[in-house]
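Next up, final-v5.cif (mmCIF, C-alpha atoms and all ligand atoms):
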data_input
#
loop_
_atom_site.label_atom_id
_atom_site.label_comp_id
_atom_site.auth_asym_id
_atom_site.auth_seq_id
_atom_site.Cartn_x
_atom_site.Cartn_y
_atom_site.Cartn_z
CA MET A 147 46.46 -173.59 45.45
CA ALA A 148 43.02 -175.08 45.09
CA SER A 149 44.00 -178.18 47.03
CA SER A 150 45.07 -176.10 50.08
CA MET A 151 41.67 -174.45 50.38
CA PRO A 152 39.41 -175.44 53.24
CA ASN A 153 36.22 -177.25 52.29
CA CYS A 154 33.62 -174.48 52.42
CA SER A 155 30.90 -173.02 50.27
CA ALA A 156 33.01 -169.93 49.44
CA CYS A 157 35.74 -172.14 48.02
CA ASP A 158 33.25 -174.23 46.08
CA PHE A 159 31.83 -171.02 44.65
CA LEU A 160 35.25 -169.60 43.71
CA LEU A 161 36.47 -172.86 42.23
CA SER A 162 33.30 -173.18 40.17
CA VAL A 163 33.84 -169.67 38.79
CA PHE A 164 37.59 -169.68 38.31
CA SER A 165 38.68 -173.22 37.45
CA SER A 166 37.02 -173.18 34.03
CA ARG A 167 38.07 -169.60 33.48
CA SER A 168 41.75 -170.29 34.15
CA ARG A 169 41.65 -173.14 31.64
CA ASP A 170 40.12 -170.73 29.10
CA GLY A 171 42.76 -168.14 29.99
CA GLU A 172 45.57 -170.60 29.47
CA GLU A 173 44.18 -171.56 26.09
CA ARG A 174 43.62 -167.95 25.06
CA ASN A 175 46.84 -166.83 26.75
CA THR A 176 45.22 -163.48 27.53
CA LEU A 177 44.73 -161.44 30.67
CA SER A 178 41.60 -162.47 32.61
CA VAL A 179 39.84 -159.64 34.44
CA THR A 180 37.57 -160.09 37.47
CA LEU A 181 35.58 -157.06 38.58
CA THR A 182 34.40 -157.51 42.17
CA PHE A 183 33.08 -155.23 44.88
CA ALA A 184 30.62 -155.15 47.79
CA GLN A 185 27.42 -153.11 47.67
CA SER A 186 24.32 -152.40 49.74
CA LEU A 187 20.81 -153.35 48.61
CA ASP A 188 20.45 -149.82 47.23
CA GLY A 189 23.62 -150.12 45.15
CA LYS A 190 26.06 -148.12 47.31
CA ILE A 191 29.69 -149.15 47.79
CA ALA A 192 30.57 -146.52 50.42
CA GLY A 193 28.91 -143.97 52.65
CA LYS A 194 28.52 -140.22 52.40
CA ASP A 195 31.63 -138.50 50.96
CA GLY A 196 33.21 -141.89 50.33
CA LYS A 197 33.21 -143.03 53.97
CA GLN A 198 34.57 -146.58 53.91
CA LEU A 199 31.92 -149.13 54.89
CA LEU A 200 32.31 -152.75 55.87
CA LEU A 201 29.55 -154.24 53.74
CA SER A 202 30.88 -157.79 53.51
CA CYS A 203 30.20 -160.25 56.32
CA PRO A 204 33.26 -162.09 57.73
CA GLU A 205 32.68 -165.08 55.40
CA SER A 206 32.58 -162.79 52.33
CA MET A 207 35.63 -160.86 53.46
CA LEU A 208 37.51 -164.15 53.73
CA MET A 209 36.23 -165.10 50.29
CA THR A 210 37.57 -161.79 48.95
CA HIS A 211 41.00 -162.62 50.35
CA TRP A 212 40.87 -166.09 48.77
CA MET A 213 39.87 -164.43 45.52
CA ARG A 214 42.84 -162.05 45.85
CA SER A 215 45.09 -165.08 46.27
CA MET A 216 43.78 -166.46 42.96
CA HIS A 217 44.85 -163.39 40.96
CA ASP A 218 48.26 -162.10 39.92
CA ALA A 219 47.35 -158.45 40.54
CA ILE A 220 44.72 -156.35 42.39
CA LEU A 221 43.75 -152.96 40.94
CA VAL A 222 42.18 -149.93 42.66
CA GLY A 223 41.82 -146.26 41.72
CA ILE A 224 43.68 -143.50 43.54
CA GLY A 225 40.39 -142.43 45.18
CA THR A 226 40.30 -145.76 47.02
CA ALA A 227 44.05 -145.76 47.70
CA LEU A 228 43.81 -142.32 49.37
CA ASN A 229 40.48 -142.87 51.11
CA ASP A 230 40.86 -146.44 52.41
CA ASN A 231 44.65 -146.83 52.55
CA PRO A 232 44.20 -150.52 51.62
CA GLN A 233 46.75 -153.32 51.80
CA LEU A 234 45.29 -155.48 49.02
CA ASN A 235 46.85 -158.60 50.51
CA THR A 236 45.58 -162.00 51.68
CA ARG A 237 46.13 -161.62 55.44
CA LEU A 238 42.71 -163.02 56.45
CA ILE A 239 43.59 -166.46 55.11
CA PRO A 240 44.89 -168.56 58.03
CA GLU A 241 48.69 -168.74 57.94
CA GLY A 242 49.04 -172.45 57.27
CA LEU A 243 46.67 -172.22 54.29
CA ARG A 244 47.79 -168.89 52.84
CA PRO A 245 49.48 -169.25 49.44
CA ALA A 246 53.06 -167.92 49.48
CA ASN A 247 52.66 -165.82 46.34
CA LEU A 248 51.33 -162.32 47.01
CA PRO A 249 49.15 -160.41 44.55
CA ARG A 250 50.69 -157.35 42.88
CA PRO A 251 49.01 -154.08 43.98
CA VAL A 252 48.15 -151.81 41.03
CA VAL A 253 46.88 -148.21 41.36
CA LEU A 254 45.42 -145.96 38.62
CA ASP A 255 46.85 -142.58 39.60
CA THR A 256 46.95 -140.12 36.68
CA HIS A 257 48.57 -137.31 38.68
CA LEU A 258 50.73 -139.39 41.06
CA ARG A 259 48.84 -138.46 44.22
CA LEU A 260 49.64 -141.67 46.14
CA CYS A 261 51.10 -140.99 49.62
CA ILE A 262 54.62 -142.25 50.10
CA ASP A 263 53.76 -143.51 53.59
CA CYS A 264 50.67 -145.48 52.50
CA LYS A 265 50.30 -149.10 53.62
CA LEU A 266 51.01 -150.44 50.12
CA LEU A 267 54.46 -148.82 50.06
CA ASN A 268 55.11 -149.49 53.76
CA ASN A 269 54.33 -153.17 53.29
CA PHE A 270 56.75 -153.36 50.37
CA ARG A 271 59.50 -151.63 52.35
CA GLN A 272 58.90 -153.98 55.28
CA GLY A 273 59.04 -157.04 53.01
CA THR A 274 55.37 -157.99 53.51
CA GLY A 275 54.02 -156.87 50.12
CA LEU A 276 55.05 -156.72 46.49
CA GLN A 277 56.18 -153.43 44.93
CA PRO A 278 53.07 -151.41 44.02
CA TRP A 279 52.71 -150.60 40.34
CA ILE A 280 51.37 -147.09 39.68
CA PHE A 281 49.86 -146.14 36.33
CA TYR A 282 50.03 -142.41 35.61
CA SER A 283 49.91 -139.86 32.82
CA SER A 284 51.41 -136.54 33.83
CA ASP A 285 54.40 -134.62 32.64
CA SER A 286 54.24 -131.45 34.68
CA PRO A 287 57.27 -130.36 36.78
CA GLU A 288 55.31 -131.27 39.94
CA ALA A 289 54.62 -134.71 38.50
CA ARG A 290 58.35 -135.20 37.88
CA GLU A 291 59.04 -134.48 41.53
CA ARG A 292 56.29 -136.89 42.53
CA GLN A 293 57.75 -139.54 40.21
CA LEU A 294 61.12 -139.35 41.98
CA ALA A 295 59.54 -139.40 45.44
CA LEU A 296 57.36 -142.42 44.65
CA ILE A 297 60.18 -144.35 43.00
CA GLU A 298 62.37 -143.65 46.02
CA ALA A 299 59.55 -144.86 48.27
CA GLY A 300 59.46 -148.17 46.36
CA ALA A 301 56.80 -147.77 43.63
CA VAL A 302 57.21 -148.88 40.03
CA LEU A 303 55.71 -146.32 37.62
CA PHE A 304 54.12 -146.94 34.23
CA GLY A 305 53.30 -143.94 32.05
CA VAL A 306 50.24 -144.53 29.85
CA SER A 307 48.07 -142.24 27.80
CA CYS A 308 44.64 -141.02 28.83
CA GLU A 309 41.44 -142.64 27.58
CA ASP A 310 41.52 -142.88 23.80
CA GLY A 311 37.87 -143.88 23.66
CA LYS A 312 38.43 -145.86 20.46
CA ASP A 313 35.17 -147.24 19.06
CA LEU A 314 33.05 -145.24 21.51
CA PRO A 315 30.62 -142.42 20.64
CA ILE A 316 31.98 -138.94 21.36
CA SER A 317 29.41 -138.42 24.13
CA SER A 318 31.00 -141.31 26.04
CA VAL A 319 34.57 -140.30 25.27
CA LEU A 320 34.37 -136.61 26.18
CA PRO A 321 34.00 -137.05 29.96
CA TYR A 322 37.09 -139.27 29.93
CA ILE A 323 39.18 -136.81 27.97
CA LEU A 324 38.05 -133.92 30.17
CA ALA A 325 38.68 -135.87 33.38
CA GLY A 326 42.05 -137.14 32.12
CA LEU A 327 41.27 -140.74 33.02
CA LEU A 328 43.79 -143.36 32.00
CA SER A 329 43.05 -145.59 29.04
CA ILE A 330 41.88 -148.93 30.44
CA SER A 331 42.93 -150.72 27.27
CA HIS A 332 46.46 -149.28 27.55
CA VAL A 333 46.67 -150.24 31.22
CA LEU A 334 45.56 -153.81 30.45
CA ALA A 335 47.98 -154.06 27.52
CA GLU A 336 50.87 -152.99 29.77
CA LEU A 337 49.84 -155.46 32.49
CA SER A 338 49.78 -158.24 29.90
CA LYS A 339 53.24 -157.19 28.75
CA GLN A 340 54.38 -157.49 32.37
CA ASN A 341 53.13 -161.10 32.35
CA ILE A 342 50.06 -160.49 34.51
CA LYS A 343 47.59 -163.23 33.57
CA SER A 344 44.78 -162.49 36.02
CA LEU A 345 43.66 -159.12 37.35
CA MET A 346 41.13 -158.49 40.14
CA VAL A 347 39.58 -155.01 40.01
CA GLU A 348 38.15 -153.88 43.39
CA GLY A 349 37.03 -150.31 42.77
CA GLY A 350 36.14 -147.65 43.75
CA SER A 351 33.15 -146.14 42.07
CA ALA A 352 34.93 -144.35 39.19
CA VAL A 353 36.99 -147.44 38.41
CA ILE A 354 33.90 -149.68 38.56
CA ASN A 355 32.20 -147.29 36.11
CA SER A 356 35.17 -147.47 33.75
CA PHE A 357 35.32 -151.26 33.78
CA LEU A 358 31.54 -151.69 33.53
CA LYS A 359 31.49 -149.32 30.60
CA TYR A 360 34.17 -151.36 28.88
CA ALA A 361 32.81 -154.68 30.11
CA TYR A 362 32.24 -156.27 26.75
CA LYS A 363 33.97 -153.82 24.49
CA PRO A 364 36.95 -155.30 22.64
CA CYS A 365 40.22 -153.80 23.89
CA ASP A 366 43.19 -152.94 21.66
CA SER A 367 44.99 -156.23 22.15
CA GLY A 368 42.26 -158.49 20.74
CA ASP A 369 38.62 -159.33 20.59
CA SER A 370 38.10 -160.76 24.07
CA PRO A 371 35.81 -158.99 26.51
CA VAL A 372 37.57 -156.72 29.01
CA VAL A 373 35.74 -158.07 32.07
CA ASP A 374 35.55 -161.87 32.14
CA THR A 375 33.91 -162.26 35.54
CA LEU A 376 31.81 -159.91 37.65
CA ILE A 377 31.22 -160.81 41.31
CA THR A 378 29.21 -158.46 43.50
CA THR A 379 28.67 -159.05 47.19
CA ILE A 380 25.26 -157.73 48.17
CA ALA A 381 24.90 -156.88 51.86
CA PRO A 382 21.42 -156.87 53.43
CA THR A 383 21.60 -153.20 54.33
CA LEU A 384 20.57 -149.78 52.99
CA VAL A 385 22.98 -146.84 52.84
CA GLY A 386 20.73 -144.11 51.49
CA ASP A 387 20.85 -141.50 48.75
CA ASP A 388 23.92 -139.70 50.05
CA GLY A 389 26.02 -142.86 49.80
CA THR A 390 28.62 -143.44 47.08
CA GLY A 391 27.58 -145.69 44.20
CA TYR A 392 28.50 -146.58 40.67
CA THR A 393 26.43 -145.18 37.82
CA VAL A 394 26.92 -147.55 34.90
CA GLY A 395 24.20 -150.19 34.81
CA PHE A 396 24.45 -153.93 34.25
CA SER A 397 22.79 -155.24 31.15
CA GLU A 398 21.43 -158.57 30.09
CA LYS A 399 23.30 -158.28 26.80
CA LYS A 400 26.64 -157.84 28.55
CA HIS A 401 26.31 -160.34 31.38
CA SER A 402 25.45 -163.93 30.67
CA ASP A 403 25.48 -166.96 33.03
CA VAL A 404 24.11 -164.87 35.91
CA GLY A 405 23.68 -166.80 39.15
CA PRO A 406 23.31 -166.17 42.89
CA GLY A 407 25.07 -167.75 45.86
CA LEU A 408 24.47 -167.15 49.58
CA LEU A 409 27.45 -166.83 51.92
CA GLY A 410 26.98 -165.86 55.57
CA SER A 411 24.57 -162.90 55.42
CA THR A 412 25.50 -161.77 51.91
CA LEU A 413 24.41 -162.68 48.42
CA HIS A 414 26.89 -162.98 45.52
N1 LIG B 1 32.56 -151.66 48.65
C1 LIG B 1 33.60 -151.97 47.93
O1 LIG B 1 33.77 -153.13 47.53
C2 LIG B 1 34.60 -150.93 47.58
C3 LIG B 1 34.39 -149.61 47.93
N2 LIG B 1 35.31 -148.66 47.58
C4 LIG B 1 35.02 -147.26 47.90
O2 LIG B 1 35.08 -146.46 46.73
C5 LIG B 1 35.37 -145.12 47.12
C6 LIG B 1 36.37 -144.51 46.16
O3 LIG B 1 35.78 -144.37 44.88
P1 LIG B 1 36.24 -143.16 43.94
O4 LIG B 1 36.37 -141.92 44.76
O5 LIG B 1 35.35 -143.13 42.77
O6 LIG B 1 37.74 -143.52 43.56
P2 LIG B 1 38.39 -144.68 42.68
O7 LIG B 1 39.11 -145.59 43.58
O8 LIG B 1 37.45 -145.24 41.70
O9 LIG B 1 39.51 -143.83 41.91
C7 LIG B 1 39.10 -142.93 40.92
C8 LIG B 1 40.28 -142.09 40.48
O10 LIG B 1 41.25 -142.92 39.84
C9 LIG B 1 41.88 -142.18 38.82
N3 LIG B 1 41.72 -142.83 37.51
C10 LIG B 1 42.68 -142.82 36.54
N4 LIG B 1 42.26 -143.45 35.46
C11 LIG B 1 40.99 -143.90 35.71
C12 LIG B 1 40.03 -144.59 34.92
N5 LIG B 1 40.27 -144.98 33.66
N6 LIG B 1 38.84 -144.83 35.46
C13 LIG B 1 38.54 -144.45 36.72
N7 LIG B 1 39.42 -143.79 37.52
C14 LIG B 1 40.65 -143.50 37.02
C15 LIG B 1 41.20 -140.79 38.79
O11 LIG B 1 41.90 -139.91 39.66
P3 LIG B 1 43.12 -139.03 39.10
O12 LIG B 1 42.56 -138.24 37.96
O13 LIG B 1 43.60 -138.24 40.21
O14 LIG B 1 44.11 -140.04 38.64
C16 LIG B 1 39.86 -141.09 39.43
O15 LIG B 1 39.27 -139.96 40.02
C17 LIG B 1 35.87 -145.18 48.53
O16 LIG B 1 34.87 -144.61 49.34
C18 LIG B 1 36.03 -146.63 48.84
O17 LIG B 1 35.74 -146.94 50.18
C19 LIG B 1 36.45 -148.98 46.91
C20 LIG B 1 36.70 -150.27 46.53
C21 LIG B 1 35.78 -151.34 46.81
N1 LIG B 2 34.99 -157.18 49.66
C1 LIG B 2 34.89 -155.98 50.23
N2 LIG B 2 33.89 -155.75 51.10
C2 LIG B 2 33.75 -154.56 51.69
O1 LIG B 2 32.74 -154.37 52.54
C3 LIG B 2 34.66 -153.52 51.40
N3 LIG B 2 34.53 -152.31 51.99
C4 LIG B 2 35.72 -153.81 50.49
N4 LIG B 2 36.60 -152.87 50.19
C5 LIG B 2 37.82 -153.12 49.44
O2 LIG B 2 38.80 -153.68 50.28
C6 LIG B 2 39.86 -152.72 50.48
C7 LIG B 2 40.36 -152.77 51.90
O3 LIG B 2 40.88 -154.02 52.15
P1 LIG B 2 42.39 -154.27 52.65
O4 LIG B 2 42.63 -153.39 53.81
O5 LIG B 2 43.26 -154.01 51.50
O6 LIG B 2 42.40 -155.71 52.98
C8 LIG B 2 39.26 -151.41 50.12
O7 LIG B 2 40.20 -150.45 49.75
C9 LIG B 2 38.40 -151.82 48.95
O8 LIG B 2 39.16 -152.08 47.81
N5 LIG B 2 35.79 -155.03 49.92
#
Show the structure stored in the file as structure tokens.
Amino acid sequence: MASSMPNCSACDFLLSVFSSRSRDGEERNTLSVTLTFAQSLDGKIAGKDGKQLLLSCPESMLMTHWMRSMHDAILVGIGTALNDNPQLNTRLIPEGLRPANLPRPVVLDTHLRLCIDCKLLNNFRQGTGLQPWIFYSSDSPEARERQLALIEAGAVLFGVSCEDGKDLPISSVLPYILAGLLSISHVLAELSKQNIKSLMVEGGSAVINSFLKYAYKPCDSGDSPVVDTLITTIAPTLVGDDGTGYTVGFSEKKHSDVGPGLLGSTLH
């Protein structure tokens, strides 16, 4: 795949980040997780009430699609799936250069709210996308109906438990239990079981919070950090206080080897 990439600074950047990581991953034989999203200078990833914003410049958007092509699966939360109706594919890569293997779309959707006519399911039915994998945790009669409808529409469903919050103080765990959020460690363990070796997490804000919170916390399956690589695209723009942001901070202790790169009008 690397050899088919055009010679550009985005590719140099991605290869510098991922070539050593994939060697590590092969040695460790564990799932590598990349958390990546685009934000404004004031830390917003979307506008008021979640309005989708194009924060990345064309060069960064292309880089995102190359990055997608370098991962086995791309994960978003149901908030993003409903709000943006994304495709999570690599369509911006020019046809002759685009790797044949498509990334697997993965959605965290506790209550099975995904629309059966969303682009992810449409693409699968039309043969232009892989079957979306939906992680859920609901056993109500309505959820059973939703299960059947989504399976019929082409989704593969994985039932997992809600956040167990193992090793976390109760003050951190309680919001997860109350909100019924899925256990990230259980989701990652299931993805590993399904032979996913590299996962790219795109958002949205609740999912970014969950992964940042767990960034360097050991997950159930071993002692490795949950997030191996964090790439933020910073657009030279301000969204304002009513924009949508993430709330968990970065910390020096959690993130080592920090470095910037300029691509088009955005910083990474
Ligand atoms: N700029 C960028 O790069 C990106 C921006 N975005 C933006 O983000 C916004 C959406 O963010 P948001 O509304 O927070 O939605 P998310 O996409 O983060 O989805 C959050 C929902 O996912 C479900 N969920 C299940 N388990 C978990 C878990 N462990 N952690 C977090 N969520 C979980 C919950 O819904 P339930 O309980 O129903 O299952 C939760 O409310 C959109 O405006 C979109 O445009 C999105 C991606 C990238
Ligand atoms: N890299 C990046 N830059 C932005 O400015 C964005 N708004 C996003 N959003 C993410 O991309 C998804 C939409 O892309 P596709 O239609 O699937 O190609 C969106 O749902 C976010 O995950 N990303």
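With only C-alpha atoms taken into account, the protein and nucleic acid residues at most 8 Å from Leu328 (chain A) (excluding it and anything under 6 positions from it in its own chain) are Leu254, Thr256, Phe281, Tyr282, Ser283, Val306, Ser307, Cys308 and Glu309 of chain A.
The closest residue to Thr236 (chain A), picked from A:Ala192, A:Ala156, A:Ala289, A:Ile220 and counting all atoms listed in the file, is A:Ile220.
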Spatial neighbours of Asn268 (chain A), max dist 12 Å, all atoms listed in the file, sep filter under 2 positions, as number ranges by chain = A: 231-233, 261-266, 270-278, 296, 299-301
For Ser155 (chain A), please output as a list of chain:residue names all residues within 10 Å (counting all atoms listed in the file; exclusion window: fewer than 3 positions along the same chain).
-> A:Pro152, A:Asp158, A:Phe159, A:Leu160, A:Leu161, A:Glu205, A:Met209, A:Gly407, A:Leu408, A:Leu409, A:Gly410
Within 7 Å of ligand LIG 2 (chain B), counting only C-alpha atoms and all ligand atoms, which protein or nucleic acid residues do you find, written as number ranges by chain?
-> A: 183-184, 198-202, 206-207, 210, 222, 226-227, 230-235, 348-350
Which residue of A:Ile380, A:Ile191, A:Leu324, A:Leu181 approaches ligand LIG 1 (chain B) most closely, using only C-alpha atoms and all ligand atoms =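 Counting only C-alpha atoms and all ligand atoms, the residue closest to ligand LIG 1 (chain B) is A:Ile191.
Note that CA of Asn247 (chain A) and CA of Leu208 (chain A) are 16.9 Å apart.
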Leaving out Ser186 (chain A) and any residue of its chain fewer than 2 positions from it, which residues lie within 6 Å of it when counting only C-alpha atoms, given as a count of residues only?
-> 7
Rank nothing, just name the residue among A:Thr180, A:Ser215, A:Ile377, A:Val253 nearest to Pro406 (chain A), using only C-alpha atoms.
->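 Counting only C-alpha atoms, the residue closest to Pro406 (chain A) is A:Ile377.
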Distance atom C13 of ligand LIG 1 (chain B)-CA of Val404 (chain A), one decimal place?
->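 Between atom C13 of ligand LIG 1 (chain B) and CA of Val404 (chain A) the gap is 25.0 Å.
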Tell me which protein, DNA and RNA residues are within 12 Å of Glu291 (chain A), counting all atoms listed in the file, leaving out same-chain ones fewer than 6 positions away, and put them as a list of chain:residue names.
->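 Selected residues are A:His257, A:Leu258, A:Arg259, A:Ser284, A:Asp285, A:Ile297, A:Glu298.
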With C-alpha atoms retained, could you export that selection as a tab-separated table (two decimals), keeping the file's coordinate frame?
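Here's the written file selection_17.tsv:
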chain	number	residue	atom	x	y	z
A	257	HIS	CA	48.57	-137.31	38.68
A	258	LEU	CA	50.73	-139.39	41.06
A	259	ARG	CA	48.84	-138.46	44.22
A	284	SER	CA	51.41	-136.54	33.83
A	285	ASP	CA	54.40	-134.62	32.64
A	297	ILE	CA	60.18	-144.35	43.00
A	298	GLU	CA	62.37	-143.65	46.02
Nearest-residue call for Ser178 (chain A), choices A:Leu221, A:Val373, A:Leu294, A:Val394, using all atoms listed in the file =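 Ranking A:Leu221, A:Val373, A:Leu294, A:Val394 by distance to Ser178 (chain A), first place goes to A:Val373.
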Which residue of A:Asp374, A:Asp255, A:Asp218, A:Glu241 approaches ligand LIG 1 (chain B) most closely, using all atoms listed in the file | A:Asp255
Restricting the calculation to only C-alpha atoms and all ligand atoms, which member of A:Asn269, A:Ser356, A:Thr412, A:Thr378 is positioned closest to ligand LIG 1 (chain B)?
->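 Of A:Asn269, A:Ser356, A:Thr412, A:Thr378, the one nearest ligand LIG 1 (chain B), counting only C-alpha atoms and all ligand atoms, is A:Ser356.
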Quick one: pull the distance between CA of Ile342 (chain A) and CA of Arg214 (chain A), Å, one decimal.
->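 Here the two named atoms are 13.5 Å from each other.
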Could you write out as JSON the box around region 406-414 of chain A (axis-aligned, all atoms listed in the file, 4 Å on each side), with centre and edge lengths in Å to one decimal?
{"center_x": 25.4, "center_y": -164.8, "center_z": 49.2, "size_x": 12.1, "size_y": 14.0, "size_z": 20.7}
